[in-house]
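As provided, start01.cif (mmCIF, C-alpha atoms; chains and numbers go by the auth columns) reads as follows.
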```
data_coords
loop_
_atom_site.group_PDB
_atom_site.id
_atom_site.type_symbol
_atom_site.label_atom_id
_atom_site.label_comp_id
_atom_site.label_asym_id
_atom_site.label_seq_id
_atom_site.Cartn_x
_atom_site.Cartn_y
_atom_site.Cartn_z
_atom_site.B_iso_or_equiv
_atom_site.auth_seq_id
_atom_site.auth_asym_id
ATOM 1 C CA MET A 1 -13.173 -6.394 5.988 0.00 88 A
ATOM 2 C CA ASN A 2 -12.099 -9.997 5.683 0.00 89 A
ATOM 3 C CA SER A 3 -8.352 -9.936 5.002 0.00 90 A
ATOM 4 C CA PHE A 4 -5.491 -7.658 5.796 0.00 91 A
ATOM 5 C CA VAL A 5 -2.319 -6.504 4.152 0.00 92 A
ATOM 6 C CA GLY A 6 1.360 -6.511 5.092 0.00 93 A
ATOM 7 C CA VAL A 7 3.905 -4.609 2.993 0.00 94 A
ATOM 8 C CA GLU A 8 6.925 -6.465 1.632 0.00 95 A
ATOM 9 C CA SER A 9 10.357 -4.933 1.639 0.00 96 A
ATOM 10 C CA PRO A 10 11.282 -3.671 -1.844 0.00 97 A
ATOM 11 C CA THR A 11 14.662 -5.414 -1.515 0.00 98 A
ATOM 12 C CA GLU A 12 12.863 -8.753 -1.734 0.00 99 A
ATOM 13 C CA ARG A 13 11.859 -8.105 -5.333 0.00 100 A
ATOM 14 C CA PRO A 14 13.913 -7.796 -8.531 0.00 101 A
ATOM 15 C CA SER A 15 15.010 -4.329 -9.619 0.00 102 A
ATOM 16 C CA HIS A 16 13.398 -4.804 -13.056 0.00 103 A
ATOM 17 C CA PHE A 17 9.672 -5.461 -13.259 0.00 104 A
ATOM 18 C CA ASP A 18 7.871 -6.375 -16.481 0.00 105 A
ATOM 19 C CA LEU A 19 4.219 -5.332 -16.175 0.00 106 A
ATOM 20 C CA ASP A 20 3.273 -7.170 -19.359 0.00 107 A
ATOM 21 C CA SER A 21 4.185 -10.499 -17.745 0.00 108 A
ATOM 22 C CA GLN A 22 2.105 -9.885 -14.600 0.00 109 A
ATOM 23 C CA GLU A 23 -1.435 -11.138 -14.213 0.00 110 A
ATOM 24 C CA GLY A 24 -3.773 -9.479 -11.776 0.00 111 A
ATOM 25 C CA VAL A 25 -1.953 -6.172 -11.343 0.00 112 A
ATOM 26 C CA ILE A 26 -4.204 -3.880 -9.300 0.00 113 A
ATOM 27 C CA ALA A 27 -4.325 -0.283 -10.503 0.00 114 A
ATOM 28 C CA TYR A 28 -4.556 2.132 -7.572 0.00 115 A
ATOM 29 C CA LEU A 29 -7.703 4.214 -7.678 0.00 116 A
ATOM 30 C CA HIS A 30 -7.762 7.199 -5.380 0.00 117 A
ATOM 31 C CA ALA A 31 -10.118 6.860 -2.396 0.00 118 A
ATOM 32 C CA THR A 32 -11.041 3.227 -3.076 0.00 119 A
ATOM 33 C CA THR A 33 -10.104 0.042 -1.244 0.00 120 A
ATOM 34 C CA LEU A 34 -7.936 -2.651 -2.762 0.00 121 A
ATOM 35 C CA PRO A 35 -10.033 -5.572 -4.026 0.00 122 A
ATOM 36 C CA ILE A 36 -8.787 -8.067 -1.415 0.00 123 A
ATOM 37 C CA GLN A 37 -10.898 -11.160 -0.681 0.00 124 A
ATOM 38 C CA ASN A 38 -10.684 -14.075 1.790 0.00 125 A
ATOM 39 C CA GLU A 39 -9.380 -16.357 -0.947 0.00 126 A
ATOM 40 C CA ASP A 40 -6.405 -13.984 -1.427 0.00 127 A
ATOM 41 C CA VAL A 41 -4.885 -14.898 1.974 0.00 128 A
ATOM 42 C CA GLY A 42 -1.356 -16.173 1.421 0.00 129 A
ATOM 43 C CA SER A 43 -0.911 -14.462 -1.933 0.00 130 A
ATOM 44 C CA THR A 44 1.142 -11.436 -2.905 0.00 131 A
ATOM 45 C CA LYS A 45 -0.639 -8.701 -4.841 0.00 132 A
ATOM 46 C CA THR A 46 0.990 -6.173 -7.145 0.00 133 A
ATOM 47 C CA VAL A 47 -0.377 -2.627 -6.887 0.00 134 A
ATOM 48 C CA LEU A 48 0.448 -0.060 -9.587 0.00 135 A
ATOM 49 C CA ILE A 49 0.210 3.548 -8.368 0.00 136 A
ATOM 50 C CA ALA A 50 0.413 6.276 -11.033 0.00 137 A
ATOM 51 C CA SER A 51 2.777 9.133 -10.162 0.00 138 A
ATOM 52 C CA THR A 52 -0.140 11.602 -10.189 0.00 139 A
ATOM 53 C CA HIS A 53 -1.207 10.034 -6.867 0.00 140 A
ATOM 54 C CA LEU A 54 2.279 10.263 -5.361 0.00 141 A
ATOM 55 C CA THR A 55 2.136 13.762 -3.929 0.00 142 A
ATOM 56 C CA SER A 56 1.696 15.151 -0.450 0.00 143 A
ATOM 57 C CA GLU A 57 -1.636 16.512 -1.715 0.00 144 A
ATOM 58 C CA ASN A 58 -3.153 13.011 -1.896 0.00 145 A
ATOM 59 C CA SER A 59 -6.321 13.340 0.206 0.00 146 A
ATOM 60 C CA ALA A 60 -6.112 9.760 1.569 0.00 147 A
ATOM 61 C CA LEU A 61 -2.661 10.629 2.900 0.00 148 A
ATOM 62 C CA LYS A 62 -3.925 13.883 4.394 0.00 149 A
ATOM 63 C CA ARG A 63 -6.765 12.004 6.113 0.00 150 A
ATOM 64 C CA ARG A 64 -4.281 9.390 7.450 0.00 151 A
ATOM 65 C CA HIS A 65 -6.407 6.703 5.761 0.00 152 A
ATOM 66 C CA MET A 66 -4.590 3.688 7.233 0.00 153 A
ATOM 67 C CA TRP A 67 -4.915 1.469 10.250 0.00 154 A
ATOM 68 C CA GLY A 68 -2.315 -0.655 11.996 0.00 155 A
ATOM 69 C CA GLY A 69 1.367 -0.550 11.130 0.00 156 A
ATOM 70 C CA LYS A 70 3.092 -1.311 14.417 0.00 157 A
ATOM 71 C CA GLN A 71 4.129 -4.801 13.309 0.00 158 A
ATOM 72 C CA GLY A 72 4.231 -3.869 9.604 0.00 159 A
ATOM 73 C CA VAL A 73 0.652 -5.097 9.226 0.00 160 A
ATOM 74 C CA TYR A 74 -2.129 -2.849 7.963 0.00 161 A
ATOM 75 C CA THR A 75 -5.839 -3.400 7.398 0.00 162 A
ATOM 76 C CA ALA A 76 -6.841 -4.153 3.810 0.00 163 A
ATOM 77 C CA ASP A 77 -8.851 -0.926 3.634 0.00 164 A
ATOM 78 C CA SER A 78 -5.728 1.152 4.355 0.00 165 A
ATOM 79 C CA ASP A 79 -4.533 3.390 1.533 0.00 166 A
ATOM 80 C CA PRO A 80 -1.392 2.046 -0.224 0.00 167 A
ATOM 81 C CA VAL A 81 0.138 5.542 -0.620 0.00 168 A
ATOM 82 C CA ALA A 82 -0.316 6.239 3.107 0.00 169 A
ATOM 83 C CA ILE A 83 1.242 2.839 3.891 0.00 170 A
ATOM 84 C CA ALA A 84 4.246 3.534 1.633 0.00 171 A
ATOM 85 C CA VAL A 85 4.855 6.875 3.371 0.00 172 A
ATOM 86 C CA HIS A 86 4.293 5.380 6.837 0.00 173 A
ATOM 87 C CA THR A 87 6.838 2.595 6.219 0.00 174 A
ATOM 88 C CA GLY A 88 9.402 5.079 4.892 0.00 175 A
ATOM 89 C CA ALA A 89 9.453 3.477 1.441 0.00 176 A
ATOM 90 C CA LEU A 90 8.204 6.728 -0.102 0.00 177 A
ATOM 91 C CA LYS A 91 8.821 10.406 0.582 0.00 178 A
ATOM 92 C CA LEU A 92 6.384 12.800 -1.051 0.00 179 A
ATOM 93 C CA THR A 93 6.473 16.441 -2.136 0.00 180 A
ATOM 94 C CA THR A 94 3.741 18.643 -3.599 0.00 181 A
ATOM 95 C CA ALA A 95 4.915 17.813 -7.148 0.00 182 A
ATOM 96 C CA SER A 96 4.459 14.430 -8.824 0.00 183 A
ATOM 97 C CA PRO A 97 7.699 12.466 -9.240 0.00 184 A
ATOM 98 C CA THR A 98 9.332 12.213 -12.662 0.00 185 A
ATOM 99 C CA TYR A 99 8.823 8.453 -12.891 0.00 186 A
ATOM 100 C CA ALA A 100 5.539 7.085 -14.262 0.00 187 A
ATOM 101 C CA ALA A 101 4.402 4.869 -11.399 0.00 188 A
ATOM 102 C CA LEU A 102 5.244 3.111 -8.169 0.00 189 A
ATOM 103 C CA ILE A 103 4.914 -0.667 -7.995 0.00 190 A
ATOM 104 C CA MET A 104 4.013 -1.957 -4.542 0.00 191 A
ATOM 105 C CA PHE A 105 3.874 -5.591 -3.450 0.00 192 A
ATOM 106 C CA VAL A 106 1.526 -6.509 -0.616 0.00 193 A
ATOM 107 C CA THR A 107 1.143 -9.890 1.018 0.00 194 A
ATOM 108 C CA VAL A 108 -2.365 -10.770 2.143 0.00 195 A
ATOM 109 C CA ILE A 109 -2.440 -12.350 5.587 0.00 196 A
ATOM 110 C CA PRO A 110 -5.281 -13.644 7.788 0.00 197 A
ATOM 111 C CA ASN A 111 -7.363 -11.351 9.961 0.00 198 A
ATOM 112 C CA GLN A 112 -5.636 -10.095 13.075 0.00 199 A
ATOM 113 C CA VAL A 113 -7.313 -9.742 16.459 0.00 200 A
ATOM 114 C CA GLN A 114 -5.857 -6.250 16.872 0.00 201 A
ATOM 115 C CA TYR A 115 -4.067 -3.690 14.718 0.00 202 A
ATOM 116 C CA SER A 116 -1.752 -1.544 16.801 0.00 203 A
ATOM 117 C CA ALA A 117 -0.821 1.878 15.476 0.00 204 A
ATOM 118 C CA VAL A 118 2.552 3.555 15.716 0.00 205 A
ATOM 119 C CA GLU A 119 3.698 6.995 14.553 0.00 206 A
ATOM 120 C CA ARG A 120 6.218 6.843 11.717 0.00 207 A
ATOM 121 C CA ASN A 121 7.316 9.457 9.224 0.00 208 A
ATOM 122 C CA GLY A 122 4.789 11.974 10.514 0.00 209 A
ATOM 123 C CA LEU A 123 1.794 9.613 10.220 0.00 210 A
ATOM 124 C CA LEU A 124 -0.157 7.826 12.921 0.00 211 A
#
```

Translate this structure into structure tokens?
Amino acid sequence: MNSFVGVESPTERPSHFDLDSQEGVIAYLHATTLPIQNEDVGSTKTVLIASTHLTSENSALKRRHMWGGKQGVYTADSDPVAIAVHTGALKLTTASPTYAALIMFVTVIPNQVQYSAVERNGLL
């Protein structure tokens, strides 16, 4: 894995988001890694997660498929849904939410020497 991801606070983005005006939106695919490359360091990526993936039954969430988090920095192969729950930005139930999708912004940062874990919101 060559680059790693930090999650931006949702308050740093506008409340209205026009998907049609966004280039390079990444659609979340269950059990796959985000397509992050070395040349993406310094950029912010937009990840679109369909509501069908936003349940406590998401297997990546059940497997705790994420690494890091102590400093708000996660490895690029961490699952975005698990990250959203870990940061407290998302609370899940067994039913899909009534909205269509979650839009997540991630900032790609350089490799870290170490990724320290911390327990938050029931995830480690």

Show which residues sit within 9 Å of Val172 (chain A), as a list in words. Count all atoms listed in the file, and ignore same-chain residues fewer than 4 positions away. Leu148, Pro167, Val168, Ala176, Leu177, Lys178, Leu179, Arg207, Asn208, Gly209 and Leu210 of chain A

For the structure shown, which residues end up in the PyMOL selection byres ((chain A and resi 169-171) around 12)? Put them as a VMD selection string, please? chain A and resid 92 to 97 117 to 118 134 136 140 to 157 159 to 168 172 to 179 189 to 193 204 to 211

In Å, with one decimal, what is the gap from CA of Gly111 (chain A) to CA of Thr131 (chain A)? 10.3 Å

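Picture a line from CA of Thr119 (chain A) to CA of Tyr202 (chain A); it runs 20.3 Å.
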
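Taken over the shown file, the PyMOL selection byres ((chain A and resi 183) around 7) identifies Ser138, Thr139, Leu141, Thr142, Thr181, Ala182, Pro184 and Thr185 of chain A.
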
Would you translate the PyMOL selection byres ((chain A and resi 113) around 8) into the concrete set of residues it matches in this file, as a PyMOL selection string? chain A and resi 111-112+114-115+121+132-135

Please, what distance in Å, to one decimal, runs between CA of Asp127 (chain A) and CA of Gln199 (chain A)?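 Calculated distance between CA of Asp127 (chain A) and CA of Gln199 (chain A) is 15.0 Å.
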